[in-house]
$ cat start.txt   # compact mmCIF, C-alpha atoms and all ligand atoms
# COMPACT_ATOMS: atom_id res chain seq x y z
CA MET A 1 6.01 14.11 10.28
CA ASN A 2 4.52 13.12 13.59
CA SER A 3 1.09 13.57 15.11
CA GLY A 4 2.18 16.75 16.90
CA GLU A 5 2.87 18.77 13.74
CA VAL A 6 0.27 21.01 12.11
CA ARG A 7 -1.05 19.88 8.73
CA ASP A 8 -3.26 21.71 6.21
CA ALA A 9 -6.97 21.36 7.14
CA ARG A 10 -8.48 22.95 4.02
CA THR A 11 -10.83 20.72 2.03
CA LEU A 12 -9.45 19.72 -1.38
CA VAL A 13 -11.33 17.74 -4.02
CA VAL A 14 -10.03 15.04 -6.37
CA GLU A 15 -11.89 14.42 -9.63
CA ALA A 16 -12.41 10.72 -9.00
CA GLN A 17 -14.70 7.82 -9.83
CA PRO A 18 -17.53 7.21 -9.14
CA PHE A 19 -17.70 10.86 -8.02
CA ASP A 20 -15.60 13.64 -6.48
CA PHE A 21 -13.41 12.72 -3.49
CA PRO A 22 -13.05 15.44 -0.82
CA PHE A 23 -10.17 15.28 1.64
CA GLU A 24 -7.99 17.36 3.93
CA VAL A 25 -4.22 16.83 4.06
CA ALA A 26 -4.46 17.11 7.85
CA SER A 27 -6.67 14.03 8.24
CA THR A 28 -5.34 11.98 5.32
CA ALA A 29 -2.48 9.48 5.08
CA LEU A 30 -0.68 8.34 1.94
CA VAL A 31 -0.49 4.55 2.31
CA ILE A 32 2.16 2.77 0.23
CA ILE A 33 1.57 -0.97 0.23
CA ASP A 34 4.50 -3.38 0.01
CA MET A 35 6.73 -1.57 -2.51
CA GLN A 36 9.53 -3.86 -1.39
CA ARG A 37 12.28 -5.60 -3.30
CA ASP A 38 10.65 -9.04 -2.85
CA PHE A 39 7.79 -8.00 -5.16
CA ILE A 40 9.41 -5.50 -7.53
CA GLU A 41 12.88 -6.93 -8.25
CA PRO A 42 13.95 -10.20 -9.93
CA GLY A 43 14.88 -13.00 -7.51
CA GLY A 44 12.28 -12.23 -4.85
CA PHE A 45 8.98 -13.68 -3.69
CA GLY A 46 6.98 -12.29 -6.61
CA ALA A 47 9.31 -13.87 -9.15
CA SER A 48 9.37 -17.14 -7.18
CA LEU A 49 5.61 -17.40 -7.75
CA GLY A 50 6.27 -17.38 -11.51
CA ASN A 51 5.37 -13.73 -12.10
CA ASP A 52 6.82 -11.12 -14.49
CA VAL A 53 7.97 -8.52 -11.95
CA SER A 54 8.79 -5.90 -14.61
CA LEU A 55 5.08 -5.07 -14.77
CA LEU A 56 5.22 -3.78 -11.19
CA ALA A 57 8.37 -1.70 -11.65
CA ALA A 58 6.53 0.42 -14.23
CA ILE A 59 4.54 2.29 -11.55
CA VAL A 60 7.58 3.44 -9.57
CA PRO A 61 7.98 6.87 -11.28
CA ALA A 62 4.31 7.79 -10.71
CA CYS A 63 4.49 6.60 -7.08
CA ARG A 64 7.62 8.68 -6.54
CA THR A 65 6.01 11.82 -7.98
CA VAL A 66 3.00 11.45 -5.67
CA LEU A 67 5.18 10.67 -2.65
CA GLN A 68 7.29 13.77 -3.24
CA ALA A 69 4.21 15.97 -3.71
CA TRP A 70 2.62 14.53 -0.56
CA ARG A 71 5.79 15.09 1.45
CA ALA A 72 5.91 18.69 0.17
CA GLN A 73 2.43 19.20 1.67
CA GLY A 74 3.58 17.77 5.01
CA GLY A 75 1.14 14.86 4.76
CA LEU A 76 1.43 11.70 6.85
CA VAL A 77 3.05 8.73 5.06
CA LEU A 78 2.56 5.07 6.02
CA HIS A 79 4.70 2.41 4.32
CA THR A 80 3.82 -1.27 4.75
CA ARG A 81 5.97 -4.32 4.11
CA GLU A 82 4.75 -7.91 3.92
CA ALA A 83 7.11 -9.58 6.39
CA HIS A 84 7.22 -12.34 8.96
CA ARG A 85 9.12 -13.08 12.13
CA PRO A 86 12.34 -15.04 11.51
CA ASP A 87 10.82 -18.01 13.38
CA LEU A 88 7.75 -17.84 11.08
CA ARG A 89 5.40 -18.19 14.06
CA ASP A 90 3.21 -15.52 12.43
CA CYS A 91 3.07 -17.36 9.08
CA PRO A 92 0.35 -20.01 9.16
CA PRO A 93 0.68 -23.07 6.90
CA ALA A 94 -2.41 -21.77 5.07
CA LYS A 95 -0.11 -19.05 3.76
CA ARG A 96 3.34 -20.69 3.64
CA LEU A 97 2.31 -23.92 1.94
CA ARG A 98 0.06 -22.36 -0.69
CA GLY A 99 0.88 -23.15 -4.32
CA ASN A 100 4.17 -24.48 -5.63
CA PRO A 101 6.64 -21.58 -5.57
CA SER A 102 10.33 -22.06 -6.30
CA LEU A 103 11.02 -20.35 -2.95
CA ARG A 104 8.64 -20.45 0.00
CA ILE A 105 8.31 -17.77 2.66
CA GLY A 106 11.30 -18.17 5.00
CA ASP A 107 13.51 -19.94 2.44
CA ALA A 108 16.93 -18.46 1.63
CA GLY A 109 16.98 -16.74 -1.78
CA PRO A 110 19.09 -14.22 -3.69
CA MET A 111 17.77 -11.37 -1.46
CA GLY A 112 17.95 -13.24 1.83
CA ARG A 113 15.12 -15.17 3.49
CA VAL A 114 11.90 -14.58 1.58
CA LEU A 115 9.43 -12.18 3.30
CA VAL A 116 11.33 -12.28 6.60
CA SER A 117 11.71 -9.03 8.56
CA GLY A 118 15.14 -7.42 8.30
CA GLU A 119 16.19 -9.31 5.17
CA PRO A 120 17.31 -7.39 2.03
CA GLY A 121 14.27 -8.49 0.01
CA VAL A 122 11.86 -6.99 2.52
CA GLN A 123 13.36 -3.51 2.21
CA ILE A 124 11.38 -0.88 0.36
CA ILE A 125 12.89 -0.09 -3.04
CA PRO A 126 15.35 2.85 -2.91
CA ALA A 127 13.19 5.15 -5.09
CA LEU A 128 10.46 5.09 -2.43
CA ALA A 129 12.60 4.63 0.68
CA PRO A 130 10.94 5.94 3.86
CA LEU A 131 12.24 9.14 5.39
CA PRO A 132 12.87 9.43 9.14
CA GLY A 133 9.54 10.11 10.83
CA GLU A 134 7.44 8.24 8.27
CA ILE A 135 5.59 5.21 9.61
CA VAL A 136 6.82 1.78 8.49
CA VAL A 137 4.80 -1.29 9.48
CA ASP A 138 5.64 -4.94 8.85
CA LYS A 139 2.45 -6.92 8.30
CA PRO A 140 2.14 -10.71 8.34
CA GLY A 141 -1.09 -10.76 6.33
CA LYS A 142 -2.28 -9.41 3.04
CA GLY A 143 -4.37 -6.74 4.78
CA MET A 144 -2.54 -3.99 6.69
CA PHE A 145 -4.82 -4.07 9.74
CA HIS A 146 -4.44 -7.79 10.47
CA ALA A 147 -2.11 -8.32 13.48
CA THR A 148 -0.58 -4.82 13.22
CA PRO A 149 -0.91 -1.50 15.13
CA VAL A 150 -2.00 0.35 11.96
CA ASP A 151 -5.46 1.34 13.22
CA LEU A 152 -4.02 2.68 16.49
CA LEU A 153 -1.29 4.62 14.67
CA LEU A 154 -3.77 6.20 12.24
CA GLN A 155 -6.24 7.05 15.00
CA GLN A 156 -3.52 8.71 17.08
CA ALA A 157 -2.55 10.84 14.07
CA GLY A 158 -6.17 11.95 13.52
CA ILE A 159 -6.42 10.19 10.17
CA ARG A 160 -9.84 9.50 8.63
CA THR A 161 -8.97 9.32 4.92
CA LEU A 162 -6.47 7.11 3.07
CA LEU A 163 -4.80 7.43 -0.34
CA PHE A 164 -3.55 4.03 -1.52
CA MET A 165 -0.60 3.19 -3.78
CA GLY A 166 1.42 -0.03 -4.08
CA VAL A 167 1.24 -3.69 -4.97
CA THR A 168 -0.48 -5.85 -5.82
CA THR A 169 -3.81 -4.27 -6.65
CA GLU A 170 -6.04 -7.28 -6.08
CA VAL A 171 -4.07 -8.84 -3.21
CA CYS A 172 -2.55 -6.55 -0.56
CA VAL A 173 -3.90 -3.21 -1.81
CA GLN A 174 -7.49 -4.33 -2.19
CA THR A 175 -7.46 -6.35 1.04
CA SER A 176 -6.07 -3.38 2.98
CA MET A 177 -8.59 -1.03 1.40
CA ARG A 178 -11.51 -3.31 2.24
CA GLU A 179 -10.28 -3.61 5.83
CA ALA A 180 -9.97 0.19 6.00
CA ASN A 181 -13.42 0.82 4.57
CA ASP A 182 -14.95 -1.52 7.14
CA ARG A 183 -13.19 0.47 9.87
CA GLY A 184 -14.69 3.73 8.66
CA TYR A 185 -11.84 5.24 6.67
CA GLU A 186 -12.64 7.00 3.37
CA CYS A 187 -10.38 5.40 0.74
CA LEU A 188 -9.05 6.42 -2.68
CA VAL A 189 -6.74 4.20 -4.74
CA LEU A 190 -4.47 5.86 -7.30
CA GLU A 191 -4.95 3.93 -10.53
CA ASP A 192 -1.51 4.48 -12.10
CA CYS A 193 0.28 3.98 -8.77
CA THR A 194 -0.88 0.40 -8.23
CA GLU A 195 -0.20 -2.71 -10.30
CA SER A 196 -0.83 -6.41 -10.52
CA TYR A 197 1.10 -9.26 -12.10
CA PHE A 198 -2.19 -9.79 -13.99
CA PRO A 199 -3.43 -6.67 -15.85
CA ALA A 200 -6.96 -8.07 -16.04
CA PHE A 201 -7.02 -8.49 -12.24
CA LYS A 202 -5.94 -4.86 -11.75
CA ALA A 203 -8.72 -3.64 -14.03
CA ALA A 204 -11.28 -5.85 -12.30
CA ALA A 205 -10.16 -4.82 -8.80
CA LEU A 206 -10.42 -1.12 -9.63
CA ALA A 207 -13.82 -1.66 -11.20
CA MET A 208 -15.02 -3.57 -8.09
CA ILE A 209 -13.81 -0.86 -5.74
CA ARG A 210 -15.72 1.96 -7.43
CA ALA A 211 -18.80 -0.07 -8.48
CA GLN A 212 -22.15 0.29 -6.77
CA GLY A 213 -21.56 3.92 -5.89
CA GLY A 214 -18.07 3.33 -4.49
CA ILE A 215 -18.84 0.21 -2.44
CA VAL A 216 -15.22 0.07 -1.17
CA GLY A 217 -14.02 3.55 -2.16
CA TRP A 218 -12.92 5.80 -4.99
CA THR A 219 -10.33 5.53 -7.80
CA ALA A 220 -8.49 8.35 -9.60
CA GLY A 221 -5.33 8.95 -11.60
CA SER A 222 -2.34 10.49 -9.86
CA ALA A 223 -2.71 13.55 -12.11
CA GLU A 224 -6.09 14.24 -10.51
CA LEU A 225 -4.62 14.03 -7.00
CA LEU A 226 -1.72 16.31 -7.96
CA ALA A 227 -4.17 18.81 -9.47
CA ALA A 228 -6.11 18.85 -6.20
CA LEU A 229 -2.94 19.33 -4.15
CA HIS A 230 -1.80 22.20 -6.34
CA SER A 231 -5.23 23.86 -6.14
CA GLY A 232 -4.86 24.24 -2.38
N1 LIG A 301 1.81 -7.47 -1.31
C1 LIG A 301 1.11 -8.40 -1.97
O1 LIG A 301 0.22 -8.09 -2.75
N2 LIG A 301 1.48 -9.73 -1.72
C2 LIG A 301 1.32 -10.75 -2.65
O2 LIG A 301 1.66 -11.89 -2.35
N3 LIG A 301 0.80 -10.42 -3.87
C3 LIG A 301 0.65 -11.25 -4.96
O3 LIG A 301 0.04 -10.80 -5.95
N4 LIG A 301 1.19 -12.46 -4.94
$ encode --input "start.txt" --output "structure tokens" --more "lines below"
Ligand code: TIU
Amino acid sequence: MNSGEVRDARTLVVEAQPFDFPFEVASTALVIIDMQRDFIEPGGFGASLGNDVSLLAAIVPACRTVLQAWRAQGGLVLHTREAHRPDLRDCPPAKRLRGNPSLRIGDAGPMGRVLVSGEPGVQIIPALAPLPGEIVVDKPGKGMFHATPVDLLLQQAGIRTLLFMGVTTEVCVQTSMREANDRGYECLVLEDCTESYFPAFKAAALAMIRAQGGIVGWTAGSAELLAALHSG
């Protein structure tokens, strides 16, 4: 899909929290945050931080179902990857030297250099691999707008509304969603298509997002999005 193709402009409604979420496929992007091998598979960055990565793999089937349904509607898809330049000039010490991981960003691991563009660990897992024409953006920060062309790419495609999936809920998904909300995008996160290494953090992040009348955005299950898509 590119910005020149015609997408469905009818208004659809997702039964969401804290209240209904209206959207049009034409002005909405499905954003898939960092579903890359470094976070989902053993031996990558997520595991090097001491996390149980199997928790994250559990959302892959639901993400795949939504991705296929969204593609069938001709909707715009944006995949992000957390990734740095090989010289690490875009990885400040405030990020690289945090904590005591077994592998730091840039170190050589079982899936190549950790969180470095082009390495095997940075690739999106095969089940959610981008198709030609879908947007793929490498981002050096936790948020997808920081030091990337994401805002420009979405503006050029006429996008005003974002559907979020991916990992981890309270780190890159929530940061990206907060950045998006501040930039004026309407945002919905799909509850069963996002995960954290810490279940309590996922629950808290979703609760924060929809609290106070949707202070950052909406949340809904993927079944509710699929129902809306099939109603159109
Ligand atoms: N993509 C993303 O969320 N990056 C992280 O480092 N997440 C953690 O939870 N560590």
$ closest_residue --input "start.txt" --among "A:Leu163, A:Leu153, A:Cys91, A:Ala220" --to "Ala207 in chain A" --atoms "only C-alpha atoms"
A:Ala220
$ residues_near_ligand --input "start.txt" --ligand "ligand LIG 301 (chain A)" --cutoff "9 Å" --atoms "only C-alpha atoms and all ligand atoms" --output "PyMOL selection string"
chain A and resi 33-36+39+45-46+49+51+80-82+141-143+166-175+196-198
$ write_last_selection --input "start.txt" --atoms "C-alpha atoms" --output "PDB file, in the coordinates of the input"
ATOM      1  CA  ILE A  33       1.570  -0.970   0.230  1.00  0.00           C
ATOM      2  CA  ASP A  34       4.500  -3.380   0.010  1.00  0.00           C
ATOM      3  CA  MET A  35       6.730  -1.570  -2.510  1.00  0.00           C
ATOM      4  CA  GLN A  36       9.530  -3.860  -1.390  1.00  0.00           C
ATOM      5  CA  PHE A  39       7.790  -8.000  -5.160  1.00  0.00           C
ATOM      6  CA  PHE A  45       8.980 -13.680  -3.690  1.00  0.00           C
ATOM      7  CA  GLY A  46       6.980 -12.290  -6.610  1.00  0.00           C
ATOM      8  CA  LEU A  49       5.610 -17.400  -7.750  1.00  0.00           C
ATOM      9  CA  ASN A  51       5.370 -13.730 -12.100  1.00  0.00           C
ATOM     10  CA  THR A  80       3.820  -1.270   4.750  1.00  0.00           C
ATOM     11  CA  ARG A  81       5.970  -4.320   4.110  1.00  0.00           C
ATOM     12  CA  GLU A  82       4.750  -7.910   3.920  1.00  0.00           C
ATOM     13  CA  GLY A 141      -1.090 -10.760   6.330  1.00  0.00           C
ATOM     14  CA  LYS A 142      -2.280  -9.410   3.040  1.00  0.00           C
ATOM     15  CA  GLY A 143      -4.370  -6.740   4.780  1.00  0.00           C
ATOM     16  CA  GLY A 166       1.420  -0.030  -4.080  1.00  0.00           C
ATOM     17  CA  VAL A 167       1.240  -3.690  -4.970  1.00  0.00           C
ATOM     18  CA  THR A 168      -0.480  -5.850  -5.820  1.00  0.00           C
ATOM     19  CA  THR A 169      -3.810  -4.270  -6.650  1.00  0.00           C
ATOM     20  CA  GLU A 170      -6.040  -7.280  -6.080  1.00  0.00           C
ATOM     21  CA  VAL A 171      -4.070  -8.840  -3.210  1.00  0.00           C
ATOM     22  CA  CYS A 172      -2.550  -6.550  -0.560  1.00  0.00           C
ATOM     23  CA  VAL A 173      -3.900  -3.210  -1.810  1.00  0.00           C
ATOM     24  CA  GLN A 174      -7.490  -4.330  -2.190  1.00  0.00           C
ATOM     25  CA  THR A 175      -7.460  -6.350   1.040  1.00  0.00           C
ATOM     26  CA  SER A 196      -0.830  -6.410 -10.520  1.00  0.00           C
ATOM     27  CA  TYR A 197       1.100  -9.260 -12.100  1.00  0.00           C
ATOM     28  CA  PHE A 198      -2.190  -9.790 -13.990  1.00  0.00           C
TER      29      PHE A 198
END
$ closest_residue --input "start.txt" --among "A:Ala108, A:Ile159, A:Ala227, A:Ala203" --to "Gly75 in chain A" --atoms "all atoms listed in the file"
A:Ile159
$ atom_distance --input "start.txt" --atom1 "CA of Ile125 in chain A" --atom2 "CA of Asp38 in chain A"
9.2 Å
$ closest_residue --input "start.txt" --among "A:Leu226, A:Ala29, A:Ala157, A:Val114" --to "Glu186 in chain A" --atoms "only C-alpha atoms"
A:Ala29
$ residues_around --input "start.txt" --residues "Ala9 in chain A" --least-positions-apart "6" --cutoff "10 Å" --atoms "only C-alpha atoms" --output "PyMOL selection string"
chain A and resi 23-28
$ build_atoms --input "start.txt" --residues "range 20-45 of chain A" --atoms "N, CA, C and O atoms" --output "mmCIF file, in the coordinates of the input"
data_model
loop_
_atom_site.group_PDB
_atom_site.id
_atom_site.type_symbol
_atom_site.label_atom_id
_atom_site.label_comp_id
_atom_site.auth_asym_id
_atom_site.auth_seq_id
_atom_site.Cartn_x
_atom_site.Cartn_y
_atom_site.Cartn_z
ATOM 1 N N ASP A 20 -16.679 12.869 -7.098
ATOM 2 C CA ASP A 20 -15.600 13.640 -6.480
ATOM 3 C C ASP A 20 -15.246 13.121 -5.089
ATOM 4 O O ASP A 20 -16.114 12.678 -4.324
ATOM 5 N N PHE A 21 -13.943 13.232 -4.757
ATOM 6 C CA PHE A 21 -13.410 12.720 -3.490
ATOM 7 C C PHE A 21 -12.856 13.902 -2.683
ATOM 8 O O PHE A 21 -11.804 14.449 -3.022
ATOM 9 N N PRO A 22 -13.573 14.337 -1.633
ATOM 10 C CA PRO A 22 -13.050 15.440 -0.820
ATOM 11 C C PRO A 22 -12.125 14.920 0.276
ATOM 12 O O PRO A 22 -12.338 13.833 0.821
ATOM 13 N N PHE A 23 -11.079 15.680 0.566
ATOM 14 C CA PHE A 23 -10.170 15.280 1.640
ATOM 15 C C PHE A 23 -9.431 16.502 2.172
ATOM 16 O O PHE A 23 -9.417 17.566 1.542
ATOM 17 N N GLU A 24 -8.860 16.341 3.347
ATOM 18 C CA GLU A 24 -7.990 17.360 3.930
ATOM 19 C C GLU A 24 -6.628 16.706 4.158
ATOM 20 O O GLU A 24 -6.575 15.588 4.675
ATOM 21 N N VAL A 25 -5.550 17.394 3.813
ATOM 22 C CA VAL A 25 -4.220 16.830 4.060
ATOM 23 C C VAL A 25 -4.077 16.466 5.543
ATOM 24 O O VAL A 25 -3.508 15.431 5.907
ATOM 25 N N ALA A 26 -4.633 17.293 6.405
ATOM 26 C CA ALA A 26 -4.460 17.110 7.850
ATOM 27 C C ALA A 26 -4.975 15.770 8.356
ATOM 28 O O ALA A 26 -4.415 15.206 9.308
ATOM 29 N N SER A 27 -6.049 15.258 7.744
ATOM 30 C CA SER A 27 -6.670 14.030 8.240
ATOM 31 C C SER A 27 -6.513 12.877 7.261
ATOM 32 O O SER A 27 -7.267 11.899 7.306
ATOM 33 N N THR A 28 -5.526 12.987 6.374
ATOM 34 C CA THR A 28 -5.340 11.980 5.320
ATOM 35 C C THR A 28 -3.918 11.426 5.391
ATOM 36 O O THR A 28 -2.963 12.174 5.611
ATOM 37 N N ALA A 29 -3.802 10.112 5.183
ATOM 38 C CA ALA A 29 -2.480 9.480 5.080
ATOM 39 C C ALA A 29 -2.296 8.915 3.682
ATOM 40 O O ALA A 29 -3.246 8.383 3.092
ATOM 41 N N LEU A 30 -1.076 9.038 3.171
ATOM 42 C CA LEU A 30 -0.680 8.340 1.940
ATOM 43 C C LEU A 30 -0.169 6.967 2.369
ATOM 44 O O LEU A 30 0.799 6.875 3.128
ATOM 45 N N VAL A 31 -0.848 5.915 1.927
ATOM 46 C CA VAL A 31 -0.490 4.550 2.310
ATOM 47 C C VAL A 31 0.181 3.874 1.117
ATOM 48 O O VAL A 31 -0.409 3.794 0.026
ATOM 49 N N ILE A 32 1.397 3.404 1.313
ATOM 50 C CA ILE A 32 2.160 2.770 0.230
ATOM 51 C C ILE A 32 2.342 1.301 0.606
ATOM 52 O O ILE A 32 3.067 0.957 1.538
ATOM 53 N N ILE A 33 1.628 0.449 -0.126
ATOM 54 C CA ILE A 33 1.570 -0.970 0.230
ATOM 55 C C ILE A 33 2.702 -1.760 -0.433
ATOM 56 O O ILE A 33 2.785 -1.858 -1.669
ATOM 57 N N ASP A 34 3.590 -2.286 0.387
ATOM 58 C CA ASP A 34 4.500 -3.380 0.010
ATOM 59 C C ASP A 34 5.356 -3.111 -1.231
ATOM 60 O O ASP A 34 5.598 -4.024 -2.037
ATOM 61 N N MET A 35 5.839 -1.867 -1.370
ATOM 62 C CA MET A 35 6.730 -1.570 -2.510
ATOM 63 C C MET A 35 8.144 -2.015 -2.138
ATOM 64 O O MET A 35 9.097 -1.223 -2.112
ATOM 65 N N GLN A 36 8.292 -3.297 -1.904
ATOM 66 C CA GLN A 36 9.530 -3.860 -1.390
ATOM 67 C C GLN A 36 10.205 -4.693 -2.470
ATOM 68 O O GLN A 36 9.575 -5.138 -3.435
ATOM 69 N N ARG A 37 11.488 -4.922 -2.278
ATOM 70 C CA ARG A 37 12.280 -5.600 -3.300
ATOM 71 C C ARG A 37 11.723 -6.981 -3.619
ATOM 72 O O ARG A 37 11.788 -7.427 -4.757
ATOM 73 N N ASP A 38 11.157 -7.685 -2.635
ATOM 74 C CA ASP A 38 10.650 -9.040 -2.850
ATOM 75 C C ASP A 38 9.547 -9.104 -3.914
ATOM 76 O O ASP A 38 9.321 -10.166 -4.511
ATOM 77 N N PHE A 39 8.841 -7.994 -4.140
ATOM 78 C CA PHE A 39 7.790 -8.000 -5.160
ATOM 79 C C PHE A 39 8.204 -7.322 -6.454
ATOM 80 O O PHE A 39 7.667 -7.630 -7.511
ATOM 81 N N ILE A 40 9.126 -6.362 -6.373
ATOM 82 C CA ILE A 40 9.410 -5.500 -7.530
ATOM 83 C C ILE A 40 10.643 -5.961 -8.292
ATOM 84 O O ILE A 40 10.767 -5.714 -9.489
ATOM 85 N N GLU A 41 11.604 -6.605 -7.605
ATOM 86 C CA GLU A 41 12.880 -6.930 -8.250
ATOM 87 C C GLU A 41 12.959 -8.433 -8.580
ATOM 88 O O GLU A 41 12.339 -9.250 -7.889
ATOM 89 N N PRO A 42 13.744 -8.775 -9.613
ATOM 90 C CA PRO A 42 13.950 -10.200 -9.930
ATOM 91 C C PRO A 42 14.606 -10.922 -8.742
ATOM 92 O O PRO A 42 15.380 -10.321 -8.003
ATOM 93 N N GLY A 43 14.251 -12.189 -8.547
ATOM 94 C CA GLY A 43 14.880 -13.000 -7.510
ATOM 95 C C GLY A 43 14.150 -13.008 -6.190
ATOM 96 O O GLY A 43 14.591 -13.656 -5.239
ATOM 97 N N GLY A 44 13.030 -12.295 -6.098
ATOM 98 C CA GLY A 44 12.280 -12.230 -4.850
ATOM 99 C C GLY A 44 11.052 -13.118 -4.841
ATOM 100 O O GLY A 44 10.891 -14.009 -5.683
ATOM 101 N N PHE A 45 10.173 -12.846 -3.873
ATOM 102 C CA PHE A 45 8.980 -13.680 -3.690
ATOM 103 C C PHE A 45 8.070 -13.624 -4.916
ATOM 104 O O PHE A 45 7.568 -14.660 -5.361
#
